[in-house]
Amino acid sequence: MAEERKRLAVKVIQGDNVKTAIRFTAVLLVSIGMLASVRVSQPQAAQCDRACLLMTTNIYLAALVAHDPSIVKFSPDVKFVENTVPMKPGDGLWKTASAIPTTFKIYVPDTVSQEVGFLGVMQESNRPIEIALRLKIRNGQIVEAEHLIARNLRDTSLPNLQLPRPGLLASVPADQRVPRDQMLKIGLSYYDALVNSDGHAAPFADDCVRRENGFQTTGNPPPATPGRGTMGAMGCTAQLDTRVMSYIKRIEPRRVDIADPEAGLVFGLSQFRHPMEEKTLKIVGVPGVDHVDMNFNPFDLPAAHIFKVSGGKIHEIEAMGFMMPYNSKTGWE
């Protein structure tokens, strides 16, 4: 029966009606999930285990592209926010999504909080977008759904958005794993490090690399001539110590509630507040650079971050975000 479903799915997906194929795939995932639940359900089986959280995410993404929220098990009181705007399922990306994430996918399932975070690259109106997704599950239903979408991705950044870095996907050896509550604290410490321009406020590993919307902002090859580009070659600790991020005055709210000790991943959502009152930043510790001009208007940056934690240190940071007017609401007030 399972093999027949696979053959049928391939046959439909290879056909001309792409929308029907996507909807079929979503329904197939639902049916497989229902069969699985028949095998494992117990009276107390309202908890969604790791496999359930991953499957729920895939069903959601398939339904999103099928433009059919009826495929998803939403709570009647579900709260859905996209790019800080409260909406109803069926609105926003539900109308414009055109292809599911294929190769760039990072999942952060949390069986304790019953939430899953996801970062991936998919298509909207046949153009690539980066999406951060958060789903909250209660009693087998999605009670909260959240999209953050970065559009207009740089062509030069797209090569870094083809596949996640291997370190982000690798399981953490048992002796290097960190308890979930400690992982959440480590994730939160990253925001303190930014606001305080203190690279030692978070436990960055020497090999820490950060990417934002696919653009690598640390650990790049050193420039041929010293200058501002030198800071892009620095590690996560040294770069913050230069005070190049001191224009970030507030990061609020900071929502770091999702962690997966097995993969060593922490998922955080936040809103960066940039008053941009200082038009010149004083830089320290960079030969040949004593300041950076910042001729920008005030703005906010709703953002999602995934931190790879192993041995108590942050080794990888994958982030995405987009600009909003200064002091914007988050949609979750």
# chains A, B, ... in the order shown; residues from 1 in each chain; ligands from 1
$ select_by_dssp --residues "region 64-164 of chain A" --states "helix (DSSP H, G or I)" --output "list of chain:residue names"
A:Leu64, A:Val65, A:Ala66, A:Pro69, A:Ser70, A:Ile71, A:Leu93, A:Trp94, A:Lys95, A:Thr96, A:Leu158, A:Pro159, A:Asn160, A:Leu161
$ write_last_selection --atoms "all heavy atoms" --output "CSV table (one decimal), in the first residue's frame"
chain,number,residue,atom,x,y,z
A,64,LEU,N,0.2,25.3,2.1
A,64,LEU,CA,0.5,26.7,1.8
A,64,LEU,C,0.6,26.9,0.3
A,64,LEU,O,0.0,27.8,-0.3
A,64,LEU,CB,1.8,27.2,2.5
A,64,LEU,CG,2.1,28.7,2.6
A,64,LEU,CD1,1.1,29.4,3.4
A,64,LEU,CD2,3.5,28.8,3.2
A,65,VAL,N,1.3,26.1,-0.4
A,65,VAL,CA,1.5,26.2,-1.8
A,65,VAL,C,0.3,25.7,-2.6
A,65,VAL,O,0.0,26.2,-3.7
A,65,VAL,CB,2.8,25.4,-2.2
A,65,VAL,CG1,3.0,25.3,-3.7
A,65,VAL,CG2,4.0,25.9,-1.6
A,66,ALA,N,-0.5,24.8,-2.0
A,66,ALA,CA,-1.8,24.4,-2.6
A,66,ALA,C,-2.8,25.5,-2.4
A,66,ALA,O,-3.9,25.4,-3.0
A,66,ALA,CB,-2.2,23.1,-2.0
A,69,PRO,N,-5.9,26.2,3.1
A,69,PRO,CA,-5.8,26.0,4.6
A,69,PRO,C,-6.6,24.9,5.2
A,69,PRO,O,-6.4,24.5,6.3
A,69,PRO,CB,-6.1,27.4,5.1
A,69,PRO,CG,-6.9,28.0,4.0
A,69,PRO,CD,-6.5,27.5,2.7
A,70,SER,N,-7.6,24.4,4.4
A,70,SER,CA,-8.5,23.3,5.0
A,70,SER,C,-7.7,22.0,5.1
A,70,SER,O,-8.1,21.2,5.9
A,70,SER,CB,-9.7,23.1,4.0
A,70,SER,OG,-9.3,22.5,2.8
A,71,ILE,N,-6.5,21.9,4.5
A,71,ILE,CA,-5.7,20.7,4.6
A,71,ILE,C,-5.1,20.7,6.0
A,71,ILE,O,-4.8,19.6,6.6
A,71,ILE,CB,-4.6,20.7,3.6
A,71,ILE,CG1,-5.2,20.5,2.2
A,71,ILE,CG2,-3.6,19.6,3.8
A,71,ILE,CD1,-4.3,20.7,1.0
A,93,LEU,N,0.8,34.9,2.3
A,93,LEU,CA,1.6,33.9,1.5
A,93,LEU,C,0.7,32.8,1.0
A,93,LEU,O,1.0,32.1,0.1
A,93,LEU,CB,2.8,33.4,2.3
A,93,LEU,CG,3.8,32.6,1.5
A,93,LEU,CD1,4.4,33.4,0.4
A,93,LEU,CD2,4.9,32.1,2.5
A,94,TRP,N,-0.4,32.5,1.7
A,94,TRP,CA,-1.3,31.5,1.3
A,94,TRP,C,-1.9,31.7,-0.1
A,94,TRP,O,-2.3,30.8,-0.8
A,94,TRP,CB,-2.5,31.4,2.3
A,94,TRP,CG,-2.2,30.7,3.6
A,94,TRP,CD1,-1.8,31.3,4.8
A,94,TRP,CD2,-2.2,29.3,3.9
A,94,TRP,NE1,-1.5,30.4,5.7
A,94,TRP,CE2,-1.8,29.1,5.2
A,94,TRP,CE3,-2.6,28.2,3.1
A,94,TRP,CZ2,-1.7,27.9,5.8
A,94,TRP,CZ3,-2.5,27.0,3.7
A,94,TRP,CH2,-2.1,26.8,5.0
A,95,LYS,N,-1.9,33.0,-0.5
A,95,LYS,CA,-2.4,33.3,-1.9
A,95,LYS,C,-1.3,33.3,-2.9
A,95,LYS,O,-1.6,33.2,-4.1
A,95,LYS,CB,-3.1,34.6,-1.9
A,95,LYS,CG,-4.4,34.6,-1.0
A,95,LYS,CD,-5.0,36.0,-1.1
A,95,LYS,CE,-6.3,36.0,-0.3
A,95,LYS,NZ,-7.0,37.4,-0.4
A,96,THR,N,0.0,33.5,-2.5
A,96,THR,CA,1.0,33.8,-3.5
A,96,THR,C,2.1,32.7,-3.5
A,96,THR,O,3.0,32.8,-4.4
A,96,THR,CB,1.7,35.2,-3.2
A,96,THR,OG1,2.1,35.2,-1.8
A,96,THR,CG2,0.7,36.3,-3.4
A,158,LEU,N,22.3,34.2,-3.1
A,158,LEU,CA,21.5,33.0,-3.5
A,158,LEU,C,22.4,31.7,-3.4
A,158,LEU,O,21.9,30.7,-3.0
A,158,LEU,CB,20.8,33.1,-4.8
A,158,LEU,CG,19.6,34.1,-4.8
A,158,LEU,CD1,19.1,34.2,-6.3
A,158,LEU,CD2,18.6,33.7,-3.9
A,159,PRO,N,23.7,31.8,-3.8
A,159,PRO,CA,24.5,30.5,-3.7
A,159,PRO,C,24.5,30.0,-2.3
A,159,PRO,O,24.6,28.8,-2.1
A,159,PRO,CB,25.8,31.0,-4.2
A,159,PRO,CG,25.5,32.1,-5.2
A,159,PRO,CD,24.4,32.8,-4.6
A,160,ASN,N,24.5,30.9,-1.3
A,160,ASN,CA,24.5,30.4,0.1
A,160,ASN,C,23.1,29.9,0.6
A,160,ASN,O,23.0,29.5,1.8
A,160,ASN,CB,25.0,31.5,1.0
A,160,ASN,CG,26.5,31.8,0.9
A,160,ASN,OD1,27.2,30.9,0.5
A,160,ASN,ND2,26.9,33.0,1.3
A,161,LEU,N,22.1,30.0,-0.3
A,161,LEU,CA,20.8,29.6,0.1
A,161,LEU,C,20.3,28.4,-0.7
A,161,LEU,O,19.1,28.2,-0.8
A,161,LEU,CB,19.8,30.8,-0.1
A,161,LEU,CG,20.0,32.0,0.9
A,161,LEU,CD1,19.1,33.2,0.5
A,161,LEU,CD2,19.7,31.6,2.3
$ residues_around --residues "Tyr247 (chain A)" --least-positions-apart "4" --cutoff "12 Å" --atoms "only C-alpha atoms" --output "list in words"
Leu194, Val195, Asn196, Ser197, Leu240, Arg243, Ile251, Phe272, Arg273, His274, Pro275, Met276, Glu277, Glu278, Lys279, Thr280, Leu281, Lys282, Ile283, Val292, Asp293, Met294, Asn295, Phe296, Asn297, Pro298, Phe299 and Asp300 of chain A
$ closest_residue --among "A:Thr242, A:Ser157, A:Gln141, A:Thr237" --to "Val78 (chain A)" --atoms "only C-alpha atoms"
A:Gln141
$ residues_around --residues "His200 (chain A)" --least-positions-apart "4" --cutoff "10 Å" --atoms "only C-alpha atoms" --output "MDAnalysis selection string"
chainID A and resid 189:190 192:193 196 204 236:238 240:241
$ write_last_selection --atoms "C-alpha atoms" --output "PDB file, in the first residue's frame"
ATOM      1  CA  SER A 189      22.790  35.705  25.189  1.00  0.00           C
ATOM      2  CA  TYR A 190      23.372  36.448  21.504  1.00  0.00           C
ATOM      3  CA  ASP A 192      22.869  40.771  24.760  1.00  0.00           C
ATOM      4  CA  ALA A 193      26.157  40.478  22.874  1.00  0.00           C
ATOM      5  CA  ASN A 196      26.229  45.635  24.385  1.00  0.00           C
ATOM      6  CA  PHE A 204      30.871  32.018  20.466  1.00  0.00           C
ATOM      7  CA  CYS A 236      31.762  36.385  15.780  1.00  0.00           C
ATOM      8  CA  THR A 237      33.503  37.490  18.992  1.00  0.00           C
ATOM      9  CA  ALA A 238      36.107  39.843  17.540  1.00  0.00           C
ATOM     10  CA  LEU A 240      31.269  42.554  17.952  1.00  0.00           C
ATOM     11  CA  ASP A 241      34.143  43.871  20.054  1.00  0.00           C
TER      12      ASP A 241
END
$ closest_residue --among "A:Gly214, A:Gly311, A:Pro287, A:Pro89" --to "Leu163 (chain A)" --atoms "only C-alpha atoms"
A:Gly214
$ select_by_dssp --residues "region 7-229 of chain A" --states "strand (DSSP E or B)" --output "ChimeraX atom specification"
/A:74-82,85-87,89,91,97-99,105-110,115-124,127-138,141-150,204-212,215-216
$ residues_around --residues "Met183 (chain A)" --least-positions-apart "3" --cutoff "9 Å" --atoms "only C-alpha atoms" --output "count of residues only"
14
$ closest_residue --among "A:Ala201, A:Ile59, A:Leu54, A:Leu148" --to "Ala319 (chain A)" --atoms "only C-alpha atoms"
A:Leu148
$ closest_residue --among "A:Ile306, A:Gly268, A:Arg177, A:Gln47" --to "Lys105 (chain A)" --atoms "only C-alpha atoms"
A:Ile306
$ closest_residue --among "A:Gly140, A:Asp290, A:Glu146, A:Lys308" --to "Pro164 (chain A)" --atoms "only C-alpha atoms"
A:Lys308
$ atom_distance --atom1 "CA of Asp155 (chain A)" --atom2 "CA of Ile106 (chain A)"
21.0 Å
$ closest_residue --among "A:Phe215, A:Phe267, A:Tyr60, A:Phe74" --to "Asp110 (chain A)" --atoms "only C-alpha atoms"
A:Phe267
$ residues_around --residues "Pro223 (chain A)" --least-positions-apart "6" --cutoff "10 Å" --atoms "only C-alpha atoms" --output "short mmCIF file (atom, residue, chain, number, x, y, z; two decimals) with N, CA, C and O atoms, in the first residue's frame"
data_model
loop_
_atom_site.label_atom_id
_atom_site.label_comp_id
_atom_site.auth_asym_id
_atom_site.auth_seq_id
_atom_site.Cartn_x
_atom_site.Cartn_y
_atom_site.Cartn_z
N GLY A 229 36.38 46.27 5.25
CA GLY A 229 36.13 44.88 4.89
C GLY A 229 36.80 43.90 5.83
O GLY A 229 36.42 42.73 5.89
N THR A 230 37.79 44.39 6.57
CA THR A 230 38.48 43.53 7.54
C THR A 230 37.50 42.98 8.57
O THR A 230 37.66 41.84 9.05
N MET A 231 36.48 43.77 8.92
CA MET A 231 35.53 43.33 9.94
C MET A 231 34.70 42.15 9.46
O MET A 231 34.27 41.31 10.25
N GLY A 232 34.48 42.04 8.16
CA GLY A 232 33.76 40.90 7.62
C GLY A 232 34.56 39.62 7.65
O GLY A 232 34.02 38.53 7.53
N ALA A 233 35.86 39.76 7.81
CA ALA A 233 36.73 38.59 7.90
C ALA A 233 36.89 38.09 9.33
O ALA A 233 37.43 37.00 9.56
#
$ atom_distance --atom1 "CA of Phe80 (chain A)" --atom2 "CA of Ala145 (chain A)"
4.8 Å
